[in-house]
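Undergrad: Below you'll find target.txt; it's compact mmCIF, C-alpha atoms.
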# COMPACT_ATOMS: atom_id res chain seq x y z
CA MET A 205 -64.80 -65.83 -47.95
CA MET A 206 -66.11 -67.32 -44.75
CA GLU A 207 -63.58 -68.77 -42.32
CA SER A 208 -65.14 -72.23 -42.59
CA GLN A 209 -64.80 -72.11 -46.38
CA GLN A 210 -61.19 -71.05 -46.11
CA ILE A 211 -60.37 -73.88 -43.70
CA ALA A 212 -62.07 -76.43 -45.97
CA ILE A 213 -60.16 -75.19 -49.02
CA LEU A 214 -56.84 -75.23 -47.17
CA GLU A 215 -57.42 -78.77 -45.90
CA ALA A 216 -58.29 -79.98 -49.40
CA PHE A 217 -55.30 -78.16 -50.87
CA ASP A 218 -52.89 -79.66 -48.33
CA ALA A 219 -54.30 -83.16 -48.85
CA ALA A 220 -54.00 -82.89 -52.64
CA ARG A 221 -50.42 -81.59 -52.48
CA ALA A 222 -49.44 -84.26 -49.94
CA ALA A 223 -50.68 -86.95 -52.31
CA GLN A 224 -49.27 -85.29 -55.46
CA PRO A 225 -46.68 -82.62 -54.63
CA ARG A 226 -46.45 -81.44 -58.26
CA LEU A 227 -50.19 -81.24 -58.85
CA PRO A 228 -50.91 -77.80 -60.39
CA ALA A 229 -53.08 -75.42 -58.41
CA ILE A 230 -55.54 -75.12 -61.29
CA ASP A 231 -56.20 -78.89 -61.12
CA ILE A 232 -56.86 -78.69 -57.38
CA ALA A 233 -59.21 -75.73 -57.92
CA GLU A 234 -61.15 -77.63 -60.58
CA ARG A 235 -61.60 -80.56 -58.19
CA LEU A 236 -63.05 -78.14 -55.64
CA SER A 237 -65.25 -76.40 -58.22
CA ILE A 238 -63.69 -73.02 -57.48
CA SER A 239 -61.46 -70.71 -59.46
CA GLU A 240 -57.70 -70.81 -59.16
CA GLY A 241 -57.79 -67.27 -57.80
CA GLU A 242 -60.16 -68.31 -55.02
CA LEU A 243 -57.88 -71.22 -54.15
CA GLN A 244 -54.83 -68.97 -53.82
CA ALA A 245 -56.77 -66.30 -51.93
CA ALA A 246 -57.69 -68.93 -49.32
CA ARG A 247 -53.96 -69.24 -48.58
CA LEU A 248 -53.59 -65.54 -47.67
CA SER A 249 -53.31 -66.30 -44.00
CA ARG A 250 -50.33 -68.57 -44.59
CA ASP A 251 -48.14 -68.39 -47.72
CA VAL A 252 -49.79 -65.94 -50.15
CA TRP A 253 -49.56 -62.14 -50.05
CA THR A 254 -51.58 -59.58 -51.98
CA LEU A 255 -49.46 -57.10 -53.97
CA PRO A 256 -51.16 -53.68 -53.74
CA LEU A 257 -49.62 -52.28 -56.94
CA ALA A 258 -51.31 -50.82 -60.02
CA PRO A 259 -50.96 -53.15 -63.03
CA LYS A 260 -48.50 -50.96 -64.91
CA GLU A 261 -46.40 -50.44 -61.79
CA LEU A 262 -46.29 -54.17 -61.19
CA ALA A 263 -45.40 -54.89 -64.82
CA ALA A 264 -42.53 -52.39 -64.60
CA ARG A 265 -40.99 -54.54 -61.86
CA LEU A 266 -40.92 -57.71 -63.96
CA PRO A 267 -37.55 -56.94 -65.61
CA GLN A 268 -36.00 -56.72 -62.13
CA LEU A 269 -36.90 -60.30 -61.14
CA GLY A 270 -33.92 -62.01 -62.74
CA ARG A 271 -34.20 -65.35 -64.49
CA VAL A 272 -37.72 -66.73 -64.31
CA LYS A 273 -40.09 -69.26 -65.79
CA ALA A 274 -42.88 -67.22 -67.37
CA LEU A 275 -46.19 -69.00 -67.91
CA THR A 276 -49.36 -68.03 -69.75
CA ARG A 277 -52.26 -70.35 -70.50
CA SER A 278 -55.42 -70.36 -72.56
CA ARG A 279 -58.12 -72.95 -71.91
CA LEU A 280 -56.29 -75.65 -73.87
CA ALA A 281 -52.67 -74.49 -74.17
CA VAL A 282 -49.90 -73.70 -71.68
CA LEU A 283 -46.74 -71.87 -72.77
CA GLU A 284 -43.76 -71.87 -70.40
CA GLN A 285 -40.50 -70.03 -71.15
CA THR A 286 -37.34 -69.41 -69.15
CA GLY A 287 -35.43 -66.15 -69.41
CA ASP A 288 -35.31 -62.54 -68.26
CA TYR A 289 -38.08 -60.05 -68.90
CA PRO A 290 -37.07 -57.18 -71.20
CA ALA A 291 -37.77 -53.54 -70.37
CA LEU A 292 -41.42 -52.51 -70.25
CA ASN A 293 -42.83 -50.35 -73.02
CA GLY A 294 -46.35 -49.38 -74.02
CA GLY A 295 -48.99 -47.04 -72.66
CA PRO A 296 -51.43 -46.78 -69.75
CA GLN A 297 -53.66 -49.61 -70.99
CA THR A 298 -51.26 -51.96 -72.77
CA GLY A 299 -47.81 -53.17 -71.76
CA LEU A 300 -45.20 -54.41 -74.21
CA LEU A 301 -42.34 -56.69 -73.21
CA LEU A 302 -40.61 -57.05 -76.56
CA ASP A 303 -37.98 -59.74 -77.00
CA PRO A 304 -38.57 -61.94 -80.09
CA GLY A 305 -36.99 -65.29 -79.39
CA GLY A 306 -37.07 -64.60 -75.64
CA LEU A 307 -39.78 -63.48 -73.23
CA ASP A 308 -42.12 -61.62 -75.56
CA LEU A 309 -45.46 -60.53 -74.09
CA ARG A 310 -48.39 -58.18 -74.60
CA LEU A 311 -50.16 -57.12 -71.39
CA LEU A 312 -53.77 -55.91 -71.19
CA TYR A 313 -54.01 -54.10 -67.87
CA SER A 314 -57.81 -53.70 -67.86
CA HIS A 315 -58.09 -57.44 -67.05
CA TRP A 316 -55.59 -57.37 -64.15
CA HIS A 317 -57.70 -57.71 -61.00
CA TRP A 318 -55.51 -59.33 -58.31
CA ALA A 319 -51.76 -59.86 -58.09
CA CYS A 320 -50.13 -61.95 -55.41
CA LEU A 321 -46.82 -63.36 -54.27
CA ILE A 322 -46.87 -67.10 -53.55
CA ARG A 323 -44.46 -69.26 -51.58
CA ASP A 324 -44.72 -73.02 -52.22
CA PRO A 325 -42.55 -75.65 -50.53
CA ILE A 326 -40.10 -77.54 -52.72
CA HIS A 327 -40.57 -81.26 -52.21
CA ALA A 328 -37.07 -82.42 -53.09
CA PRO A 329 -33.93 -83.41 -51.15
CA MET A 330 -31.72 -80.37 -50.84
CA SER A 331 -29.57 -78.48 -48.41
CA THR A 332 -31.36 -76.73 -45.57
CA GLU A 333 -28.52 -74.27 -45.07
CA ASN A 334 -30.24 -71.76 -47.32
CA GLU A 335 -33.82 -71.20 -46.19
CA GLN A 336 -34.75 -69.74 -49.58
CA ALA A 337 -33.82 -73.03 -51.24
CA GLN A 338 -36.78 -74.69 -49.49
CA TRP A 339 -39.32 -72.51 -51.29
CA ARG A 340 -40.46 -71.83 -54.82
CA TRP A 341 -41.52 -68.22 -55.15
CA SER A 342 -43.88 -66.93 -57.81
CA LEU A 343 -45.70 -63.79 -58.80
CA GLN A 344 -49.18 -64.47 -60.17
CA VAL A 345 -51.88 -62.25 -61.67
CA PHE A 346 -55.59 -63.10 -61.92
CA ASN A 347 -58.62 -61.53 -63.58
CA GLN A 348 -61.92 -60.67 -61.90
CA HIS A 349 -63.14 -64.26 -62.32
CA GLY A 350 -60.08 -65.79 -60.64
CA CYS A 351 -58.60 -66.96 -63.94
CA ALA A 352 -54.80 -66.82 -64.08
CA ILE A 353 -53.51 -64.13 -66.44
CA HIS A 354 -49.76 -64.68 -66.07
CA LYS A 355 -47.36 -66.42 -63.69
CA SER A 356 -43.69 -65.80 -63.05
CA PHE A 357 -41.62 -68.35 -61.11
CA ALA A 358 -38.24 -67.39 -59.65
CA LEU A 359 -35.35 -69.56 -60.87
CA GLU A 360 -32.35 -67.91 -59.22
CA ASN A 361 -31.02 -68.94 -55.83
CA PRO A 362 -30.51 -66.89 -53.77
CA LEU A 363 -33.51 -64.80 -54.78
CA PRO A 364 -32.70 -61.46 -56.39
CA ARG A 365 -33.41 -58.60 -53.99
CA PRO A 366 -36.46 -57.26 -55.93
CA TRP A 367 -38.38 -60.36 -54.83
CA GLY A 368 -37.78 -59.36 -51.23
CA ALA A 369 -38.93 -55.83 -52.03
CA LEU A 370 -42.19 -57.26 -53.37
CA ALA A 371 -42.61 -59.41 -50.27
CA ALA A 372 -42.20 -56.31 -48.09
CA LEU A 373 -45.18 -54.76 -49.88
CA GLY A 374 -47.42 -57.78 -49.34
CA THR A 375 -50.72 -57.43 -47.52
CA MET A 376 -53.53 -59.74 -46.43
CA ASP A 377 -56.17 -57.83 -48.43
CA THR A 378 -58.66 -60.37 -49.75
CA PRO A 379 -59.78 -60.05 -53.39
CA ALA A 380 -63.39 -60.28 -54.47
CA PHE A 381 -64.06 -62.47 -57.50
CA THR A 382 -67.18 -62.75 -59.65
CA GLN A 383 -68.59 -65.81 -61.35
CA CYS A 384 -67.56 -66.35 -64.96
CA VAL A 385 -70.58 -66.53 -67.28
CA PRO A 386 -70.17 -69.03 -70.14
CA ARG A 387 -70.40 -67.65 -73.65
CA LEU A 388 -73.77 -68.11 -75.30
CA LYS A 389 -73.69 -69.26 -78.89
CA ARG A 390 -75.73 -67.18 -81.29
CA PRO A 391 -76.63 -67.29 -84.98
CA LEU A 392 -73.99 -65.68 -87.19
CA PRO A 393 -74.78 -61.96 -87.39
CA ASP A 394 -74.91 -60.00 -90.62
CA ALA A 395 -71.82 -57.96 -91.46
CA PRO A 396 -72.33 -56.73 -95.03
CA THR A 397 -69.18 -54.59 -95.16
CA LEU A 398 -66.88 -57.03 -93.37
CA ALA A 399 -65.30 -58.43 -96.55
CA SER A 400 -64.49 -55.03 -98.04
CA GLU A 401 -63.07 -53.71 -94.76
CA TRP A 402 -61.06 -56.90 -94.30
CA ALA A 403 -59.61 -56.53 -97.80
CA ALA A 404 -58.67 -52.90 -97.05
CA MET A 405 -56.48 -53.76 -94.03
CA ARG A 406 -52.85 -52.68 -94.31
CA ASP A 407 -51.72 -53.83 -90.86
CA VAL A 408 -52.74 -56.97 -88.94
CA HIS A 409 -53.25 -54.87 -85.81
CA GLN A 410 -56.25 -53.25 -87.56
CA PHE A 411 -58.05 -56.57 -87.20
CA PHE A 412 -59.00 -55.96 -83.55
CA ALA A 413 -60.72 -52.69 -84.46
CA LEU A 414 -62.47 -54.50 -87.32
CA LEU A 415 -63.95 -57.05 -84.90
CA GLN A 416 -65.04 -54.30 -82.51
CA ARG A 417 -66.78 -52.29 -85.24
CA HIS A 418 -68.84 -55.30 -86.26
CA HIS A 419 -69.32 -56.64 -82.69
CA LEU A 420 -67.84 -59.97 -83.72
CA GLU A 421 -65.91 -62.69 -81.98
CA ARG A 422 -62.79 -63.88 -83.80
CA LEU A 423 -64.35 -67.26 -84.61
CA GLU A 424 -67.49 -65.60 -85.99
CA ALA A 425 -65.39 -63.47 -88.32
CA ASN A 426 -63.56 -66.56 -89.55
CA GLN A 427 -66.87 -68.30 -90.24
CA LEU A 428 -68.28 -65.30 -92.10
CA MET A 429 -65.21 -65.01 -94.31
CA GLU A 430 -64.86 -68.72 -95.12
CA GLY A 431 -63.88 -69.22 -98.74
CA ARG A 432 -62.49 -65.71 -99.11
CA PHE A 433 -59.99 -64.95 -96.35
CA THR A 434 -60.40 -68.05 -94.18
CA ARG A 435 -60.53 -71.81 -94.57
CA SER A 436 -61.70 -74.46 -92.11
CA LEU A 437 -59.24 -77.31 -91.54
CA PRO A 438 -59.59 -80.65 -89.75
CA VAL A 439 -58.43 -80.52 -86.13
CA ASP A 440 -55.60 -83.00 -86.78
CA ALA A 441 -54.06 -80.47 -89.19
CA LEU A 442 -52.52 -78.78 -86.16
CA GLU A 443 -50.40 -81.77 -85.14
CA SER A 444 -49.42 -82.31 -88.78
CA LEU A 445 -48.32 -78.68 -89.10
CA LEU A 446 -46.23 -78.73 -85.91
CA THR A 447 -44.58 -82.01 -86.93
CA LYS A 448 -43.67 -80.83 -90.43
CA ALA A 449 -42.48 -77.44 -89.20
CA SER A 450 -40.17 -79.25 -86.77
CA GLN A 451 -38.83 -81.57 -89.45
CA ARG A 452 -38.17 -78.65 -91.81
CA THR A 453 -36.70 -76.36 -89.09
CA LEU A 454 -39.24 -73.73 -90.07
CA PRO A 455 -39.24 -70.97 -87.42
CA LEU A 456 -42.73 -70.18 -86.17
CA MET A 457 -44.38 -67.79 -83.72
CA LEU A 458 -46.63 -69.49 -81.15
CA PHE A 459 -49.21 -67.19 -79.51
CA VAL A 460 -50.92 -68.31 -76.29
CA ALA A 461 -53.34 -65.84 -74.72
CA SER A 462 -54.99 -65.60 -71.33
CA PRO A 463 -57.66 -62.92 -70.72
CA GLY A 464 -55.01 -60.27 -69.98
CA CYS A 465 -51.74 -61.46 -71.48
CA VAL A 466 -50.43 -62.76 -74.80
CA GLN A 467 -47.17 -64.70 -74.61
CA ILE A 468 -45.24 -65.38 -77.82
CA ARG A 469 -42.54 -67.94 -78.48
CA THR A 470 -40.51 -67.46 -81.67
CA GLY A 471 -38.11 -69.98 -83.22
CA THR A 472 -37.79 -73.49 -84.56
CA LEU A 473 -39.67 -76.34 -82.89
CA PRO A 474 -38.73 -79.69 -81.38
CA GLU A 475 -40.58 -82.80 -82.53
CA PRO A 476 -44.05 -82.93 -80.94
CA GLN A 477 -44.49 -85.62 -78.29
CA ARG A 478 -47.73 -86.98 -76.91
CA ALA A 479 -48.00 -87.62 -73.18
CA HIS A 480 -51.01 -88.04 -70.87
CA GLY A 481 -53.30 -87.22 -73.78
CA TRP A 482 -51.67 -83.85 -74.50
CA LEU A 483 -49.45 -82.82 -77.39
CA ASN A 484 -46.17 -81.31 -76.12
CA LEU A 485 -43.21 -79.39 -77.45
CA PHE A 486 -40.21 -79.72 -75.13
CA GLY A 487 -37.57 -77.13 -76.09
CA GLU A 488 -34.45 -75.99 -74.29
CA GLN A 489 -35.95 -72.69 -73.14
CA PHE A 490 -39.67 -73.33 -73.60
CA THR A 491 -42.43 -75.90 -73.31
CA LEU A 492 -45.83 -75.91 -74.97
CA HIS A 493 -48.55 -78.21 -73.62
CA LEU A 494 -51.59 -78.49 -75.88
CA ASN A 495 -54.80 -80.36 -75.11
CA ASP A 496 -55.45 -80.86 -78.81
CA THR A 497 -58.04 -83.59 -78.27
CA ALA A 498 -60.37 -80.87 -76.93
CA ILE A 499 -59.83 -78.51 -79.88
CA ASP A 500 -63.12 -77.97 -81.66
CA GLN A 501 -62.14 -75.99 -84.77
CA VAL A 502 -58.97 -75.08 -86.69
CA TRP A 503 -58.87 -72.25 -89.23
CA GLN A 504 -56.37 -70.89 -91.72
CA VAL A 505 -56.73 -67.11 -91.75
CA SER A 506 -55.25 -64.63 -94.25
CA LYS A 507 -54.97 -60.93 -93.48
CA PRO A 508 -53.81 -58.31 -96.00
CA ASN A 509 -50.98 -55.96 -95.09
CA ARG A 510 -48.43 -53.71 -96.80
CA ASP A 511 -46.01 -56.63 -97.20
CA GLY A 512 -48.16 -59.00 -99.20
CA GLY A 513 -50.31 -60.38 -96.41
CA VAL A 514 -49.80 -62.76 -93.48
CA THR A 515 -51.40 -66.12 -92.74
CA SER A 516 -52.12 -67.73 -89.39
CA LEU A 517 -53.40 -71.04 -88.12
CA GLU A 518 -55.93 -70.63 -85.32
CA ALA A 519 -57.27 -73.33 -82.98
CA PHE A 520 -60.47 -72.83 -80.95
CA ASP A 521 -62.10 -74.69 -78.09
CA ALA A 522 -65.75 -75.73 -77.96
CA GLU A 523 -66.74 -72.39 -76.40
CA GLY A 524 -65.22 -70.45 -79.28
CA SER A 525 -62.18 -69.21 -77.35
CA LEU A 526 -58.83 -69.01 -79.11
CA ALA A 527 -56.54 -71.73 -77.75
CA LEU A 528 -53.45 -71.27 -79.94
CA GLN A 529 -52.44 -69.05 -82.84
CA ILE A 530 -49.45 -69.71 -85.11
CA TYR A 531 -47.62 -67.49 -87.61
CA ALA A 532 -44.37 -67.94 -89.47
CA GLN A 533 -41.47 -65.94 -88.04
CA ARG A 534 -41.25 -62.70 -90.00
CA GLN A 535 -39.43 -59.40 -89.78
CA GLU A 536 -41.59 -56.29 -90.01
CA GLY A 537 -41.49 -55.00 -93.56
CA SER A 538 -40.59 -58.36 -95.13
CA ASN A 539 -42.73 -60.82 -97.05
CA GLU A 540 -44.16 -63.91 -95.42
CA ARG A 541 -41.97 -67.02 -95.78
CA TRP A 542 -42.85 -69.04 -98.85
CA GLU A 543 -42.06 -72.24 -96.90
CA TRP A 544 -44.91 -71.40 -94.52
CA ARG A 545 -47.40 -70.87 -97.31
CA GLN A 546 -46.22 -74.07 -98.98
CA LEU A 547 -46.81 -75.98 -95.75
CA LEU A 548 -50.32 -74.54 -95.42
CA ASP A 549 -51.04 -75.44 -99.05
CA GLU A 550 -50.00 -79.02 -98.27
CA LEU A 551 -52.46 -79.14 -95.38
CA GLY A 552 -55.17 -78.00 -97.76
CA SER A 553 -54.19 -80.64 -100.31
CA GLN A 554 -54.37 -83.35 -97.64
CA GLU A 555 -57.85 -82.16 -96.72
CA ALA A 556 -58.95 -82.31 -100.37
CA VAL A 557 -57.63 -85.86 -100.76
CA ALA A 558 -59.34 -86.97 -97.56
Taking this structure as input, can you express it in the form of structure tokens?
TA:
Amino acid sequence: MMESQQIAILEAFDAARAAQPRLPAIDIAERLSISEGELQAARLSRDVWTLPLAPKELAARLPQLGRVKALTRSRLAVLEQTGDYPALNGGPQTGLLLDPGGLDLRLLYSHWHWACLIRDPIHAPMSTENEQAQWRWSLQVFNQHGCAIHKSFALENPLPRPWGALAALGTMDTPAFTQCVPRLKRPLPDAPTLASEWAAMRDVHQFFALLQRHHLERLEANQLMEGRFTRSLPVDALESLLTKASQRTLPLMLFVASPGCVQIRTGTLPEPQRAHGWLNLFGEQFTLHLNDTAIDQVWQVSKPNRDGGVTSLEAFDAEGSLALQIYAQRQEGSNERWEWRQLLDELGSQEAVA
């Protein structure tokens, strides 16, 4: 990045934050027609530090950070949760932070391109006796296109010591990002054995290998299997489902995925609320923001397994990217909740009446 570009970005960033202190960085980046990663990299000379750690090594430090707000976003959904990261499990390519009901994440290290530590000023009246209280610290990870993979905001004051240890590792190394190429729509490909292989699944995790074998996107597979394993629903079915699940205290699993992280919230839901055009769930330990007016397609998807099969609701944006995925809460080895299937049947009945 040229120095003149950096100065221009910093001036625009400062002006935007002065006018709207709580304006998210991604909104500022969109105004400047740059990626969020490029925006944060422009701040390296001031209040951002590169963390020169391998993805797995960085992920192993997450459980040491104390109480945090963990945030993962897709194009149309943002999931925020407060809590402590559990211990890291998994292998060299995939990290598992397993805590159903708490911070529950799946990490895909191959997408982790740049990690940084960020210090933002807190624009609120508070004591100046503790210098740390003037700053909001976060650890953020981006992919090669500057798209945020996962963010972790410190909530404890004073900061737990591991945050200081990360700061001591910080460098001014500038990342190199590449332009993101939009997906090109194509005619549905032929997949003559897809139905039989789908029917033969005994574990939902086999689905990813199924897509790879047939070189299919998730949405393409749903379209090919419509009427057998999948069903298209109207986009307003999503709000109806969230509302009824809240009213019936039906515990659900909400999956929000960035390019390199899947964050899962498990439990009952508050009543959905609409604000600023978005649909929101405001819980005690979590918040889901959903730009449902931009959702292009909603699908009900059934996958066989050893326990009688599982069913999900999947929402996609206009580019075919998965925005939000929903399952009923279920223990491994147990059948899917009949209340969940009943609710999905009701959505189908409403569609038939309409």
Undergrad: Around all the atoms of stretch 442-456 of chain A listed in the file, with 6 Å of room on each side, what axis-aligned box do you get, giving centre and edge lengths in Å to one decimal, as JSON?
TA:
{"center_x": -44.6, "center_y": -76.2, "center_z": -88.5, "size_x": 27.8, "size_y": 24.1, "size_z": 18.7}
Undergrad: Please, which residues in stretch 250-368 of chain A fall within 9 Å of stretch 480-499 of chain A when counting all atoms listed in the file, and what is the closest atom pair and distance in Å to one decimal for each, ordered by chain then residue number, as CSV?
TA:
residue,atom,partner,partner_atom,distance
A:Lys273,CA,A:Phe490,CA,8.8
A:Arg279,CA,A:Asn495,CA,8.7
A:Leu280,CA,A:Asn495,CA,5.1
A:Ala281,CA,A:Leu494,CA,4.5
A:Val282,CA,A:His493,CA,5.1
A:Leu283,CA,A:Leu492,CA,4.7
A:Glu284,CA,A:Thr491,CA,5.1
A:Gln285,CA,A:Phe490,CA,4.2
A:Thr286,CA,A:Gln489,CA,5.3
A:Gly287,CA,A:Gln489,CA,7.5
A:Gly306,CA,A:Gln489,CA,8.5
Undergrad: Counting all atoms listed in the file, which residue out of A:Met405, A:Val502, A:Leu547, A:Ala372 sits closest to A:Ser450?
TA: A:Leu547
Undergrad: Have a look at A:Ala380, A:Leu548, A:Val439, A:Leu312 and name the one nearest to A:Gly464; count only C-alpha atoms.
TA: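 Selected residue with least distance to A:Gly464: A:Leu312.
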Undergrad: Given all atoms listed in the file, how would the per-residue table for stretch 365-435 of chain A near stretch 338-344 of chain A read, listing every residue at most 12 Å away with its closest atom pair and distance in Å to one decimal, sorted by chain and number, as JSON lines?
TA:
{"residue": "A:Pro366", "atom": "CA", "partner": "A:Leu343", "partner_atom": "CA", "distance": 11.7}
{"residue": "A:Trp367", "atom": "CA", "partner": "A:Trp341", "partner_atom": "CA", "distance": 8.5}
{"residue": "A:Gly368", "atom": "CA", "partner": "A:Trp341", "partner_atom": "CA", "distance": 10.4}
{"residue": "A:Leu370", "atom": "CA", "partner": "A:Leu343", "partner_atom": "CA", "distance": 9.2}
{"residue": "A:Ala371", "atom": "CA", "partner": "A:Leu343", "partner_atom": "CA", "distance": 10.1}
{"residue": "A:Gly374", "atom": "CA", "partner": "A:Leu343", "partner_atom": "CA", "distance": 11.3}
Undergrad: In Å, how far is it from atom CA of A:Ala404 to atom CA of A:Phe433?
TA: 12.1 Å
Undergrad: Counting all atoms listed in the file, which residue out of A:Gln297, A:Leu528, A:Phe217, A:Leu269 sits closest to A:Ala245?
TA: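 For A:Ala245, the nearest of the candidates is A:Phe217.
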Undergrad: Would you mind telling me which residue in A:Leu309, A:Ile322, A:Ala403, A:Val505 lies nearest to A:Val460 when using only C-alpha atoms?
TA: A:Leu309
Undergrad: Any idea what the distance is between atom CA of A:Thr382 and atom CA of A:Glu523?
TA: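 Straight-line distance from atom CA of A:Thr382 to atom CA of A:Glu523 works out to 19.3 Å.
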Undergrad: Excluding A:Ala220 and residues on its chain fewer than 4 positions from it, collect all residues at most 12 Å away from it, counting all atoms listed in the file, and give them as a list in words.
TA: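 Those residues are Ile213, Leu214, Glu215, Ala216, Gln224, Pro225, Arg226, Leu227, Pro228, Ala229, Ile230, Asp231, Ile232, Ala233, Glu234, Arg235 and Leu236 of chain A.
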Undergrad: For those residues, write C-alpha atoms to a file as a PDB file, in the coordinates of the input.
TA:
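Output contents, as saved in out_31.pdb:
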ATOM      1  CA  ILE A 213     -60.160 -75.190 -49.020  1.00  0.00           C
ATOM      2  CA  LEU A 214     -56.840 -75.230 -47.170  1.00  0.00           C
ATOM      3  CA  GLU A 215     -57.420 -78.770 -45.900  1.00  0.00           C
ATOM      4  CA  ALA A 216     -58.290 -79.980 -49.400  1.00  0.00           C
ATOM      5  CA  GLN A 224     -49.270 -85.290 -55.460  1.00  0.00           C
ATOM      6  CA  PRO A 225     -46.680 -82.620 -54.630  1.00  0.00           C
ATOM      7  CA  ARG A 226     -46.450 -81.440 -58.260  1.00  0.00           C
ATOM      8  CA  LEU A 227     -50.190 -81.240 -58.850  1.00  0.00           C
ATOM      9  CA  PRO A 228     -50.910 -77.800 -60.390  1.00  0.00           C
ATOM     10  CA  ALA A 229     -53.080 -75.420 -58.410  1.00  0.00           C
ATOM     11  CA  ILE A 230     -55.540 -75.120 -61.290  1.00  0.00           C
ATOM     12  CA  ASP A 231     -56.200 -78.890 -61.120  1.00  0.00           C
ATOM     13  CA  ILE A 232     -56.860 -78.690 -57.380  1.00  0.00           C
ATOM     14  CA  ALA A 233     -59.210 -75.730 -57.920  1.00  0.00           C
ATOM     15  CA  GLU A 234     -61.150 -77.630 -60.580  1.00  0.00           C
ATOM     16  CA  ARG A 235     -61.600 -80.560 -58.190  1.00  0.00           C
ATOM     17  CA  LEU A 236     -63.050 -78.140 -55.640  1.00  0.00           C
TER      18      LEU A 236
END
